[in-house]
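For reference, final_12.csv is printed below; it contains CSV, C-alpha atoms.
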chain,number,residue,atom,x,y,z
A,939,MET,CA,-2.2,-48.3,12.2
A,940,SER,CA,-0.7,-49.2,8.9
A,941,ALA,CA,2.9,-48.4,8.1
A,942,ASP,CA,1.8,-46.1,5.2
A,943,PHE,CA,-0.5,-44.2,7.5
A,944,LEU,CA,2.2,-43.6,10.0
A,945,PHE,CA,4.6,-42.6,7.3
A,946,GLY,CA,2.1,-40.2,5.8
A,947,ILE,CA,1.3,-38.4,9.1
A,948,THR,CA,5.1,-38.1,9.8
A,949,VAL,CA,5.7,-36.5,6.4
A,950,LEU,CA,2.8,-34.1,6.8
A,951,LEU,CA,4.0,-33.0,10.2
A,952,ILE,CA,7.6,-32.6,8.9
A,953,TYR,CA,6.3,-30.3,6.1
A,954,GLN,CA,4.2,-28.3,8.6
A,955,LEU,CA,7.2,-27.9,10.9
A,956,VAL,CA,9.4,-26.8,8.0
A,957,GLY,CA,6.6,-24.4,7.0
A,958,GLU,CA,6.4,-22.9,10.5
A,959,VAL,CA,10.2,-22.4,10.7
A,960,ILE,CA,10.3,-20.7,7.2
A,961,THR,CA,7.4,-18.2,7.9
A,962,ARG,CA,9.0,-17.3,11.2
A,963,LEU,CA,12.5,-17.0,9.8
A,964,LEU,CA,11.4,-14.9,6.8
A,965,GLN,CA,8.6,-13.2,8.8
A,966,LEU,CA,6.0,-14.0,6.0
A,967,PRO,CA,2.4,-13.0,6.6
A,968,VAL,CA,1.4,-16.6,5.5
A,969,PRO,CA,0.8,-19.3,8.2
A,970,GLY,CA,3.2,-22.3,8.4
A,971,PRO,CA,0.8,-25.0,7.2
A,972,VAL,CA,0.1,-23.1,3.9
A,973,ILE,CA,3.9,-22.9,3.2
A,974,GLY,CA,4.1,-26.6,4.1
A,975,MET,CA,1.4,-27.3,1.6
A,976,LEU,CA,3.2,-25.5,-1.2
A,977,LEU,CA,6.5,-27.2,-0.4
A,978,LEU,CA,4.8,-30.6,-0.4
A,979,PHE,CA,3.1,-29.7,-3.7
A,980,VAL,CA,6.5,-29.1,-5.3
A,981,SER,CA,8.0,-32.3,-3.7
A,982,LEU,CA,5.2,-34.4,-5.3
A,983,PHE,CA,6.6,-33.5,-8.7
A,984,LEU,CA,10.2,-34.3,-7.6
A,985,HIS,CA,9.4,-37.7,-6.0
A,986,ARG,CA,6.7,-39.4,-8.1
A,987,ASN,CA,6.0,-42.3,-5.7
A,988,LEU,CA,5.4,-39.9,-2.7
A,989,GLU,CA,1.7,-39.4,-3.8
A,990,GLN,CA,0.9,-43.0,-3.4
A,991,ARG,CA,2.6,-43.3,0.0
A,992,LEU,CA,0.8,-40.3,1.4
A,993,ASP,CA,-2.6,-41.5,0.1
A,994,SER,CA,-3.7,-43.3,3.2
A,995,ALA,CA,-3.0,-40.5,5.7
A,996,SER,CA,-4.2,-37.6,3.5
A,997,THR,CA,-7.5,-39.4,2.5
A,998,SER,CA,-8.3,-40.1,6.2
A,999,LEU,CA,-7.6,-36.5,7.2
A,1000,LEU,CA,-9.5,-34.9,4.4
A,1001,ALA,CA,-12.5,-37.3,4.5
A,1002,HIS,CA,-13.4,-35.9,7.9
A,1003,LEU,CA,-12.2,-32.3,7.5
A,1004,SER,CA,-15.5,-31.1,9.1
A,1005,LEU,CA,-14.6,-32.7,12.5
A,1006,LEU,CA,-11.5,-30.6,12.8
A,1007,PHE,CA,-13.6,-27.3,12.9
A,1008,VAL,CA,-15.8,-28.5,15.7
A,1009,PRO,CA,-13.6,-27.3,18.7
A,1010,ALA,CA,-13.3,-23.8,17.2
A,1011,GLY,CA,-17.0,-23.7,16.5
A,1012,VAL,CA,-17.8,-24.5,20.2
A,1013,GLY,CA,-15.8,-21.3,21.0
A,1014,VAL,CA,-19.0,-19.3,20.2
A,1015,ILE,CA,-19.8,-19.9,23.8
A,1016,VAL,CA,-17.2,-17.4,24.9
A,1017,HIS,CA,-18.7,-14.7,22.7
A,1018,PHE,CA,-22.4,-15.0,23.5
A,1019,GLY,CA,-22.5,-11.5,24.9
A,1020,ARG,CA,-21.0,-9.7,21.9
A,1021,ILE,CA,-22.9,-11.8,19.4
A,1022,GLY,CA,-26.2,-11.2,21.3
A,1023,GLU,CA,-25.7,-7.4,21.2
A,1024,GLN,CA,-24.7,-7.3,17.5
A,1025,TRP,CA,-26.5,-10.3,16.2
A,1026,LEU,CA,-28.2,-8.6,13.2
A,1027,PRO,CA,-25.1,-7.0,11.6
A,1028,ILE,CA,-23.2,-10.3,12.2
A,1029,LEU,CA,-25.9,-12.5,10.8
A,1030,LEU,CA,-26.5,-10.5,7.7
A,1031,ALA,CA,-22.8,-10.0,7.0
A,1032,LEU,CA,-22.3,-13.8,7.3
A,1033,ILE,CA,-25.3,-14.8,5.1
A,1034,LEU,CA,-25.4,-12.0,2.5
A,1035,GLY,CA,-21.6,-11.6,2.4
A,1036,THR,CA,-21.1,-15.4,1.9
A,1037,LEU,CA,-23.8,-15.8,-0.8
A,1038,LEU,CA,-22.4,-12.7,-2.6
A,1039,THR,CA,-18.9,-14.1,-2.5
A,1040,LEU,CA,-20.0,-17.5,-3.8
A,1041,ALA,CA,-22.0,-16.0,-6.7
A,1042,ALA,CA,-19.5,-13.3,-7.6
A,1043,THR,CA,-16.5,-15.6,-7.6
A,1044,ALA,CA,-18.3,-18.2,-9.8
A,1045,LEU,CA,-19.4,-15.5,-12.3
A,1046,ILE,CA,-16.0,-13.9,-12.4
A,1047,MET,CA,-14.3,-17.2,-13.1
A,1048,LEU,CA,-16.9,-18.2,-15.8
A,1049,GLY,CA,-16.7,-14.7,-17.4
A,1050,THR,CA,-12.9,-14.7,-17.5
A,1051,SER,CA,-12.6,-18.2,-18.9
A,1052,ARG,CA,-15.2,-17.4,-21.6
A,1053,LEU,CA,-13.4,-14.2,-22.5
A,1054,LEU,CA,-10.1,-16.1,-22.7
A,1055,GLY,CA,-11.7,-18.9,-24.7
A,1056,GLN,CA,-12.9,-16.4,-27.3
A,1057,GLN,CA,-9.5,-14.8,-27.5
A,1058,GLN,CA,-7.9,-18.1,-28.0
A,1059,LYS,CA,-10.3,-19.0,-30.8
A,1060,GLN,CA,-9.7,-15.6,-32.4
A,1061,ASN,CA,-5.9,-16.1,-32.2
A,1062,GLN,CA,-6.2,-19.6,-33.7
A,1063,GLY,CA,-8.4,-18.0,-36.4
A,1064,ASP,CA,-5.8,-15.3,-37.1
A,1065,GLN,CA,-3.1,-17.9,-37.5
A,1066,GLN,CA,-5.1,-20.0,-39.9
A,1067,GLU,CA,-5.7,-17.0,-42.1
A,1068,PRO,CA,-2.4,-15.4,-43.0
B,996,MET,CA,-21.9,-46.0,45.5
B,997,ASN,CA,-21.0,-43.1,47.6
B,998,ASN,CA,-21.6,-39.6,46.4
B,999,THR,CA,-18.2,-38.0,47.2
B,1000,ALA,CA,-16.4,-40.7,45.2
B,1001,LEU,CA,-18.6,-39.9,42.2
B,1002,THR,CA,-18.0,-36.2,42.7
B,1003,GLN,CA,-14.3,-36.8,42.8
B,1004,ILE,CA,-14.3,-38.8,39.7
B,1005,TRP,CA,-16.4,-36.1,37.9
B,1006,VAL,CA,-14.0,-33.3,39.1
B,1007,TYR,CA,-11.1,-35.3,37.8
B,1008,LEU,CA,-12.7,-36.1,34.4
B,1009,ALA,CA,-14.1,-32.6,33.8
B,1010,ALA,CA,-10.6,-31.1,34.1
B,1011,SER,CA,-8.8,-33.9,32.1
B,1012,PRO,CA,-8.1,-33.6,28.4
B,1013,LEU,CA,-9.7,-37.0,27.9
B,1014,PHE,CA,-13.1,-35.5,28.5
B,1015,GLY,CA,-13.0,-32.7,25.9
B,1016,LEU,CA,-11.5,-35.1,23.3
B,1017,THR,CA,-13.9,-37.9,23.9
B,1018,VAL,CA,-17.1,-35.7,23.8
B,1019,THR,CA,-15.9,-34.0,20.7
B,1020,LEU,CA,-15.5,-37.3,18.9
B,1021,VAL,CA,-18.8,-38.7,20.3
B,1022,ALA,CA,-20.7,-35.5,19.3
B,1023,TYR,CA,-19.3,-35.7,15.8
B,1024,GLN,CA,-20.2,-39.4,15.5
B,1025,ILE,CA,-23.8,-38.6,16.4
B,1026,ALA,CA,-23.9,-35.6,14.1
B,1027,HIS,CA,-22.4,-37.6,11.2
B,1028,HIS,CA,-24.9,-40.4,11.8
B,1029,VAL,CA,-27.8,-38.0,11.7
B,1030,TYR,CA,-26.4,-36.4,8.5
B,1031,ALA,CA,-25.9,-39.8,6.8
B,1032,ARG,CA,-29.4,-41.0,7.8
B,1033,SER,CA,-30.9,-37.8,6.4
B,1034,GLY,CA,-29.5,-38.7,3.0
B,1035,ARG,CA,-26.8,-36.1,3.4
B,1036,ASN,CA,-29.1,-33.1,3.8
B,1037,PRO,CA,-26.8,-30.1,3.7
B,1038,LEU,CA,-29.1,-28.4,6.4
B,1039,LEU,CA,-27.9,-31.1,8.8
B,1040,ASN,CA,-24.2,-30.2,8.3
B,1041,PRO,CA,-22.3,-32.3,10.9
B,1042,VAL,CA,-20.3,-29.3,12.2
B,1043,VAL,CA,-23.5,-27.5,13.2
B,1044,THR,CA,-25.1,-30.5,15.0
B,1045,ALA,CA,-21.9,-31.4,16.8
B,1046,VAL,CA,-21.3,-27.8,17.9
B,1047,LEU,CA,-24.8,-27.4,19.2
B,1048,LEU,CA,-24.6,-30.7,21.1
B,1049,LEU,CA,-21.3,-29.7,22.7
B,1050,ILE,CA,-22.6,-26.2,23.6
B,1051,GLY,CA,-25.6,-27.8,25.3
B,1052,LEU,CA,-23.3,-30.2,27.2
B,1053,LEU,CA,-21.0,-27.4,28.4
B,1054,LEU,CA,-23.9,-25.2,29.5
B,1055,LEU,CA,-25.6,-28.2,31.3
B,1056,THR,CA,-22.4,-29.3,33.1
B,1057,GLY,CA,-20.9,-25.9,33.7
B,1058,ILE,CA,-17.6,-27.0,32.3
B,1059,SER,CA,-15.6,-24.0,30.9
B,1060,TYR,CA,-14.6,-23.7,27.2
B,1061,GLN,CA,-11.0,-23.6,28.4
B,1062,ASP,CA,-11.3,-26.9,30.2
B,1063,TYR,CA,-13.1,-28.4,27.2
B,1064,PHE,CA,-10.5,-27.1,24.8
B,1065,ALA,CA,-7.7,-28.7,26.8
B,1066,GLY,CA,-8.9,-32.0,25.2
B,1067,ALA,CA,-10.5,-30.7,22.0
B,1068,GLN,CA,-7.2,-29.1,21.0
B,1069,PHE,CA,-5.9,-32.4,19.8
B,1070,VAL,CA,-8.6,-32.4,17.2
B,1071,HIS,CA,-8.1,-28.7,16.5
B,1072,PHE,CA,-4.3,-29.3,16.0
B,1073,LEU,CA,-5.0,-31.7,13.0
B,1074,LEU,CA,-6.1,-28.6,11.0
B,1075,GLY,CA,-2.4,-28.0,10.4
B,1076,PRO,CA,-1.4,-31.4,8.8
B,1077,ALA,CA,-4.8,-31.4,7.0
B,1078,THR,CA,-3.9,-28.1,5.4
B,1079,VAL,CA,-0.6,-29.6,4.3
B,1080,ALA,CA,-2.4,-32.7,3.0
B,1081,LEU,CA,-4.4,-30.5,0.5
B,1082,ALA,CA,-1.2,-30.6,-1.7
B,1083,ILE,CA,-2.2,-34.1,-2.8
B,1084,PRO,CA,-5.7,-33.5,-4.4
B,1085,LEU,CA,-4.1,-30.3,-5.8
B,1086,TYR,CA,-1.3,-32.3,-7.4
B,1087,ARG,CA,-3.8,-34.7,-8.9
B,1088,GLN,CA,-5.8,-31.9,-10.5
B,1089,PHE,CA,-2.7,-30.1,-11.7
B,1090,ALA,CA,-3.3,-30.8,-15.4
B,1091,ARG,CA,-6.7,-29.1,-15.3
B,1092,LEU,CA,-5.5,-26.3,-13.1
B,1093,ARG,CA,-2.7,-25.5,-15.6
B,1094,GLN,CA,-5.3,-24.9,-18.4
B,1095,LEU,CA,-7.3,-22.7,-16.1
B,1096,TRP,CA,-4.7,-20.8,-14.2
B,1097,LEU,CA,-5.6,-17.3,-15.4
B,1098,PRO,CA,-9.4,-17.4,-14.8
B,1099,VAL,CA,-8.6,-19.1,-11.4
B,1100,LEU,CA,-6.2,-16.4,-10.4
B,1101,VAL,CA,-8.6,-13.5,-11.4
B,1102,ALA,CA,-11.5,-15.2,-9.5
B,1103,LEU,CA,-9.3,-15.8,-6.5
B,1104,VAL,CA,-8.0,-12.2,-6.2
B,1105,LEU,CA,-11.4,-10.6,-6.7
B,1106,GLY,CA,-13.2,-13.3,-4.7
B,1107,VAL,CA,-11.0,-12.8,-1.7
B,1108,SER,CA,-11.5,-9.0,-1.9
B,1109,ILE,CA,-15.3,-9.2,-2.3
B,1110,GLY,CA,-15.4,-11.7,0.7
B,1111,GLY,CA,-13.6,-9.4,3.0
B,1112,LEU,CA,-15.1,-6.1,1.8
B,1113,SER,CA,-18.8,-7.4,1.7
B,1114,ALA,CA,-18.6,-8.6,5.3
B,1115,VAL,CA,-17.1,-5.4,6.6
B,1116,LEU,CA,-19.4,-3.1,4.7
B,1117,ILE,CA,-22.7,-4.9,5.5
B,1118,ALA,CA,-21.9,-5.2,9.2
B,1119,GLY,CA,-20.5,-1.6,9.2
B,1120,ILE,CA,-23.7,-0.1,7.7
B,1121,LEU,CA,-25.8,-2.1,10.3
B,1122,GLY,CA,-23.7,-0.6,13.2
B,1123,ALA,CA,-21.3,-3.4,14.3
B,1124,ASP,CA,-18.4,-2.0,16.4
B,1125,SER,CA,-14.9,-1.9,15.0
B,1126,GLN,CA,-13.6,-5.0,16.8
B,1127,THR,CA,-16.5,-7.0,15.4
B,1128,LEU,CA,-15.7,-5.7,11.9
B,1129,LEU,CA,-12.0,-6.5,12.1
B,1130,SER,CA,-13.0,-10.0,13.3
B,1131,LEU,CA,-15.4,-10.4,10.4
B,1132,ALA,CA,-13.0,-9.3,7.7
B,1133,PRO,CA,-11.2,-12.7,7.3
B,1134,LYS,CA,-14.4,-14.8,7.8
B,1135,SER,CA,-14.0,-16.6,4.4
B,1136,VAL,CA,-10.4,-17.7,5.1
B,1137,THR,CA,-9.5,-21.1,6.5
B,1138,ALA,CA,-9.5,-21.0,10.4
B,1139,PRO,CA,-5.8,-21.0,11.3
B,1140,VAL,CA,-5.0,-18.3,8.7
B,1141,ALA,CA,-8.0,-16.2,9.5
B,1142,MET,CA,-7.1,-16.2,13.2
B,1143,GLY,CA,-3.6,-15.0,12.3
B,1144,ILE,CA,-5.0,-12.2,10.1
B,1145,ALA,CA,-7.5,-11.1,12.8
B,1146,GLU,CA,-4.7,-10.9,15.3
B,1147,ARG,CA,-2.6,-8.7,13.0
B,1148,ILE,CA,-5.4,-6.3,12.0
B,1149,GLY,CA,-6.7,-5.9,15.6
B,1150,GLY,CA,-9.7,-8.2,15.7
B,1151,LEU,CA,-10.5,-11.0,18.2
B,1152,PRO,CA,-9.0,-14.3,16.9
B,1153,SER,CA,-11.4,-16.5,18.9
B,1154,LEU,CA,-14.4,-14.6,17.6
B,1155,THR,CA,-13.0,-14.9,14.1
B,1156,ALA,CA,-12.8,-18.7,14.5
B,1157,VAL,CA,-16.5,-18.8,15.3
B,1158,LEU,CA,-17.4,-16.5,12.3
B,1159,VAL,CA,-15.2,-18.6,10.0
B,1160,VAL,CA,-17.0,-21.8,11.0
B,1161,SER,CA,-20.4,-20.1,10.6
B,1162,THR,CA,-19.4,-18.8,7.1
B,1163,GLY,CA,-18.2,-22.3,6.1
B,1164,VAL,CA,-21.5,-23.8,7.2
B,1165,ILE,CA,-23.5,-21.2,5.3
B,1166,GLY,CA,-21.5,-21.9,2.2
B,1167,ALA,CA,-21.8,-25.6,2.6
B,1168,VAL,CA,-25.5,-25.5,3.2
B,1169,PHE,CA,-26.5,-23.0,0.5
B,1170,GLY,CA,-23.6,-23.2,-2.0
B,1171,THR,CA,-24.7,-26.1,-4.2
B,1172,LYS,CA,-28.3,-24.9,-4.2
B,1173,LEU,CA,-27.2,-21.4,-5.2
B,1174,PHE,CA,-25.0,-22.8,-8.1
B,1175,ASP,CA,-27.9,-25.0,-9.3
B,1176,TRP,CA,-30.2,-22.0,-9.2
B,1177,MET,CA,-27.7,-19.9,-11.2
B,1178,GLY,CA,-27.3,-22.7,-13.7
B,1179,ILE,CA,-23.6,-23.2,-13.0
B,1180,GLN,CA,-22.7,-26.8,-13.7
B,1181,ASP,CA,-18.9,-26.8,-14.1
B,1182,ASP,CA,-17.4,-28.5,-11.0
B,1183,SER,CA,-14.1,-26.5,-11.4
B,1184,VAL,CA,-16.0,-23.2,-11.2
B,1185,ARG,CA,-18.3,-24.4,-8.4
B,1186,GLY,CA,-15.2,-25.7,-6.5
B,1187,ILE,CA,-13.2,-22.5,-6.8
B,1188,ALA,CA,-16.2,-20.3,-5.6
B,1189,MET,CA,-16.8,-22.7,-2.7
B,1190,GLY,CA,-13.2,-22.7,-1.6
B,1191,VAL,CA,-12.9,-18.9,-1.8
B,1192,ALA,CA,-16.2,-18.2,0.1
B,1193,ALA,CA,-16.4,-21.2,2.5
B,1194,HIS,CA,-12.8,-22.6,3.0
B,1195,GLY,CA,-12.5,-26.1,4.6
B,1196,ILE,CA,-16.1,-26.7,5.5
B,1197,GLY,CA,-17.1,-25.8,2.0
B,1198,THR,CA,-14.3,-28.0,0.7
B,1199,ALA,CA,-15.6,-30.9,2.9
B,1200,ARG,CA,-19.0,-30.4,1.3
B,1201,ALA,CA,-17.4,-30.1,-2.2
B,1202,PHE,CA,-15.6,-33.5,-1.8
B,1203,GLN,CA,-19.1,-35.0,-1.2
B,1204,VAL,CA,-20.3,-33.7,-4.6
B,1205,SER,CA,-17.3,-34.8,-6.6
B,1206,THR,CA,-13.5,-35.2,-6.3
B,1207,GLU,CA,-13.0,-32.6,-8.9
B,1208,MET,CA,-15.1,-30.0,-7.1
B,1209,GLY,CA,-13.3,-30.9,-3.8
B,1210,ALA,CA,-9.8,-30.6,-5.4
B,1211,PHE,CA,-10.6,-27.2,-6.9
B,1212,SER,CA,-12.2,-26.1,-3.6
B,1213,GLY,CA,-9.2,-27.2,-1.7
B,1214,LEU,CA,-6.9,-25.4,-4.1
B,1215,ALA,CA,-9.0,-22.2,-3.9
B,1216,MET,CA,-9.0,-22.4,-0.1
B,1217,ALA,CA,-5.2,-22.8,0.0
B,1218,LEU,CA,-4.3,-20.1,-2.5
B,1219,SER,CA,-6.9,-17.7,-1.2
B,1220,ALA,CA,-5.4,-18.1,2.3
B,1221,PHE,CA,-2.2,-17.0,0.8
B,1222,LEU,CA,-3.8,-14.0,-1.0
B,1223,ALA,CA,-6.0,-13.0,1.9
B,1224,SER,CA,-3.0,-12.6,4.2
B,1225,VAL,CA,-1.7,-10.0,1.7
B,1226,ILE,CA,-4.9,-8.4,0.5
B,1227,LEU,CA,-7.1,-8.2,3.6
B,1228,PRO,CA,-4.9,-6.1,5.9
B,1229,TRP,CA,-4.6,-3.6,3.0
B,1230,ILE,CA,-8.4,-3.5,2.3
B,1231,VAL,CA,-9.1,-3.0,6.0
B,1232,SER,CA,-6.7,-0.1,6.3
B,1233,TRP,CA,-8.2,1.4,3.1
B,1234,VAL,CA,-11.8,1.1,4.5
B,1235,GLN,CA,-10.9,2.7,7.8

Could I get this structure in the form of structure tokens?
Amino acid sequence: MSADFLFGITVLLIYQLVGEVITRLLQLPVPGPVIGMLLLFVSLFLHRNLEQRLDSASTSLLAHLSLLFVPAGVGVIVHFGRIGEQWLPILLALILGTLLTLAATALIMLGTSRLLGQQQKQNQGDQQEP
Amino acid sequence: MNNTALTQIWVYLAASPLFGLTVTLVAYQIAHHVYARSGRNPLLNPVVTAVLLLIGLLLLTGISYQDYFAGAQFVHFLLGPATVALAIPLYRQFARLRQLWLPVLVALVLGVSIGGLSAVLIAGILGADSQTLLSLAPKSVTAPVAMGIAERIGGLPSLTAVLVVSTGVIGAVFGTKLFDWMGIQDDSVRGIAMGVAAHGIGTARAFQVSTEMGAFSGLAMALSAFLASVILPWIVSWVQ
């Protein structure tokens, strides 16, 4: 284990811990790791060399993000009964709902940026012609 | 070798955390190998293969999920620091994000609402019971956050975990094909949609396409987790 990797994991855990304490103290609806992420994001601007020192730990964690979901996925075994009874609504909600969300989110973002892009061009045009 | 000694070793191993942890890593190695050999075919997403292998193993050996999770929890735990680590790709893409903050924000708020609403309405029309509906509502949100939301609105957190993983897999498998079919090329748009709809598993897939898509997906996943914990309980009370 390299010194940087160990340092990185330590920093990530400290931010998670601080995040957990903050959500509980302030009774926020947001989970601790998400608060930890936002705090780390701000810290990266304050300490410019932090990014490089966290590189090794964050790259290894994020490169195999899929692995971390496996234990939760195996949990399907506990819910075989319920899923067996309601498989059709669950399956269609998952497939159609997810495809709809993917398509709608992409179109909304494209639409909004085009709309703003046009406005920006218009504004620039207005400025150029007094 | 005598049979009782073997049985004793087995009884010890089956209940020890070492077993759950090791089989999780072995199953993932196999799944990842199959995925890499297939030329990264999204249909062979390593999460699905690994989960199927492990379910088969648990059913064959009769080991309970609880005993399995005693070991697998060490892997599950890393979801926390991995979420914190998303700050780094986010920081690296900050310049692009700053230019796009308004379209991103609009897409996130509406995307999170559509994600929750579509799942609840589709399953509701087809006759799912209310506990299933409440467990489905946060299906597009990253696992630890989704489980927290499910608990608060009255769903089953462990069922939500399964639905979240399935959603992520569906997004990872079909997402890039859907974007190609729709003619959406921009990796920032593809990443945002992937992160909103398919959280970490979609993000893992996005990082395989490009660092830019991965970073935007990670950002969308993190910010939509934030937004979902505010928006979803409100939507659910409104639908009910």

Do me a favour and pick out the residues of chain B within 6 Å of chain A, using all atoms listed in the file, as a ChimeraX atom specification. /B:1042,1046,1067,1070-1071,1075-1080,1082,1098,1102,1106,1110,1113-1114,1117-1118,1121,1123,1140,1156-1157,1160,1162,1184,1188,1192,1196,1199,1221,1224

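With all atoms listed in the file as the basis for measurement, B:Leu1048 is the residue among B:Leu1048, B:Ala1010, B:Ala1220, B:Val1099 that approaches Tyr1023 of chain B most closely.
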
One decimal, Å: what's the distance from atom CA of Phe943 of chain A over to atom CA of Leu1074 of chain B, could you say?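 A separation of 16.9 Å between them.
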
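For Pro1037 of chain B, the residues within 12 Å (counting all atoms listed in the file, excluding itself and residues fewer than 4 positions away along the chain) are His1027, Val1029, Tyr1030, Ala1031, Arg1032, Ser1033, Pro1041, Val1042, Val1043, Thr1044, Gly1163, Val1164, Ile1165, Gly1166, Ala1167, Val1168, Phe1169, Gly1170, Thr1171, Lys1172, Ile1196, Gly1197, Ala1199, Arg1200, Ala1201, Gln1203 and Val1204 of chain B.
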
Dump as an mmCIF file, in the coordinates of the input, selection limited to C-alpha atoms:
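In the end it all went to out30.cif:
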data_model
loop_
_atom_site.group_PDB
_atom_site.id
_atom_site.type_symbol
_atom_site.label_atom_id
_atom_site.label_comp_id
_atom_site.auth_asym_id
_atom_site.auth_seq_id
_atom_site.Cartn_x
_atom_site.Cartn_y
_atom_site.Cartn_z
ATOM 1 C CA HIS B 1027 -22.400 -37.600 11.200
ATOM 2 C CA VAL B 1029 -27.800 -38.000 11.700
ATOM 3 C CA TYR B 1030 -26.400 -36.400 8.500
ATOM 4 C CA ALA B 1031 -25.900 -39.800 6.800
ATOM 5 C CA ARG B 1032 -29.400 -41.000 7.800
ATOM 6 C CA SER B 1033 -30.900 -37.800 6.400
ATOM 7 C CA PRO B 1041 -22.300 -32.300 10.900
ATOM 8 C CA VAL B 1042 -20.300 -29.300 12.200
ATOM 9 C CA VAL B 1043 -23.500 -27.500 13.200
ATOM 10 C CA THR B 1044 -25.100 -30.500 15.000
ATOM 11 C CA GLY B 1163 -18.200 -22.300 6.100
ATOM 12 C CA VAL B 1164 -21.500 -23.800 7.200
ATOM 13 C CA ILE B 1165 -23.500 -21.200 5.300
ATOM 14 C CA GLY B 1166 -21.500 -21.900 2.200
ATOM 15 C CA ALA B 1167 -21.800 -25.600 2.600
ATOM 16 C CA VAL B 1168 -25.500 -25.500 3.200
ATOM 17 C CA PHE B 1169 -26.500 -23.000 0.500
ATOM 18 C CA GLY B 1170 -23.600 -23.200 -2.000
ATOM 19 C CA THR B 1171 -24.700 -26.100 -4.200
ATOM 20 C CA LYS B 1172 -28.300 -24.900 -4.200
ATOM 21 C CA ILE B 1196 -16.100 -26.700 5.500
ATOM 22 C CA GLY B 1197 -17.100 -25.800 2.000
ATOM 23 C CA ALA B 1199 -15.600 -30.900 2.900
ATOM 24 C CA ARG B 1200 -19.000 -30.400 1.300
ATOM 25 C CA ALA B 1201 -17.400 -30.100 -2.200
ATOM 26 C CA GLN B 1203 -19.100 -35.000 -1.200
ATOM 27 C CA VAL B 1204 -20.300 -33.700 -4.600
#

When you draw a straight line from atom CA of Gln1126 of chain B to atom CA of Ala1145 of chain B, how long is it in Å?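 Distance between the two atoms: 9.5 Å.
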
Could you give me, as a list in words, the residues within 7 Å of Phe1014 of chain B, counting all atoms listed in the file and dropping anything in the same chain fewer than 5 positions from it?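 Skipping anything fewer than 5 positions along the chain leaves Leu1008, Ala1009 and Gly1066 of chain B.
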
Hey, could you pull the box centre and edge lengths for segment 1050-1053 of chain A, axis-aligned, 3 Å padding per side, all listed atoms, to one decimal in Å, as AutoDock Vina command-line options?
--center_x -13.9 --center_y -16.2 --center_z -20.0 --size_x 8.6 --size_y 10.0 --size_z 11.0

Counting only C-alpha atoms, the option among B:Ala1217, B:Leu1227, B:Leu1013, B:Ala1000 closest to Val1115 of chain B: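 Closest to Val1115 of chain B of all the choices is B:Leu1227.
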
For atom CA of Gly1186 of chain B and atom CA of Ser1212 of chain B, determine how far apart the two atoms are, in Å to one decimal place. 4.2 Å
